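Right, one structure below, let's go through it.
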Amino acid sequence: MSNWRENIASMVLVKQELFKQDVKQIWPHHFPEIGANEDNILAVEKELRCKLDPMFRDFLKYANGWKGFYQTVDLFGTEQLKGSIIMDYAKILLNAIDDYVLKESGFSRDQLLPIAATEFDKDLFVLCLPNS
């Protein structure tokens, strides 16, 4: 996804259509946050002590987080990645993943970075950290 501006615009159109169809307002419907600047991204990388995935890093420049990105799942921005209640919960979810599942995936917990979670369930999205 090299053209985040176009892809995010398409996702916003989809979210608008979902909002129209969700007459009972079952799901939250939010738009992405304004993109992060380079200083915000560098601060996250310093806090995490590693570089972010280049595609995710580029995405953050266009959308610095997105509440309700997928149903009740919030896609983290730089503030959540640096440390927040939702990131703490995401780490709890990551630690709860069965060792067998991790072994089958070929990754260890310390090779994964939570980038999205929900406070209402156990949904968790992760990225592989560099050199994993």
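In the structure tokens, chains take the letters A, B, ... in the order shown, each chain's residues start at 1, and ligands count up from 1 in the order shown.
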Strand (DSSP E or B) call set, DSSP backbone run, chain A, as a list in words: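 Restricting chain A to strand (DSSP E or B) produces Ile34, Ala63, Trp66, Lys67, Gly68, Phe69, Tyr70, Val73, Asp74, Leu75, Leu112, Leu113, Pro114, Ile115, Ala116, Ala117, Leu124, Phe125, Val126, Leu127 and Cys128 of chain A.
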Residues near range 68-80 of chain A, cut-off 10 Å, only C-alpha atoms, skip fewer than 3 positions along chain, as an NGL selection string: :A and (11-12 or 15 or 26-37 or 40-45 or 57 or 59-61 or 63-65 or 83-88 or 114-125)
Proximity of range 10-50 of chain A to range 129-132 of chain A: per-residue shortest pair, 12 Å limit, only C-alpha atoms, as a Markdown table:
```
| residue | atom | partner | partner_atom | distance |
| --- | --- | --- | --- | --- |
| A:Glu45 | CA | A:Leu129 | CA | 11.2 |
| A:Leu48 | CA | A:Leu129 | CA | 10.2 |
| A:Arg49 | CA | A:Leu129 | CA | 10.7 |
| A:Cys50 | CA | A:Pro130 | CA | 7.5 |
```
Nearest-residue call for Leu112 in chain A, choices A:Ile97, A:Ile8, A:Leu18, A:Cys128, using only C-alpha atoms: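 Ranking A:Ile97, A:Ile8, A:Leu18, A:Cys128 by distance to Leu112 in chain A, first place goes to A:Cys128.
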Helix (DSSP H, G or I) residues, from DSSP on the backbone, in chain A, as a PyMOL selection string: chain A and resi 4-21+38-48+54-62+78-82+85-96+99-105+109-111
Which residue of A:Trp66, A:Gln25, A:Leu127, A:Lys82 approaches Glu47 in chain A most closely, using only C-alpha atoms: A:Lys82
Straight-line distance linking CA of Ala9 in chain A with CA of Ala90 in chain A, stated in Å to one decimal: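 Computed distance, CA of Ala9 in chain A to CA of Ala90 in chain A, equals 27.2 Å.
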Top pick for closest residue to Val126 in chain A, considering A:Arg5, A:Lys103, A:Lys91, A:Lys20 and counting only C-alpha atoms: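 Counting only C-alpha atoms, the residue closest to Val126 in chain A is A:Lys91.
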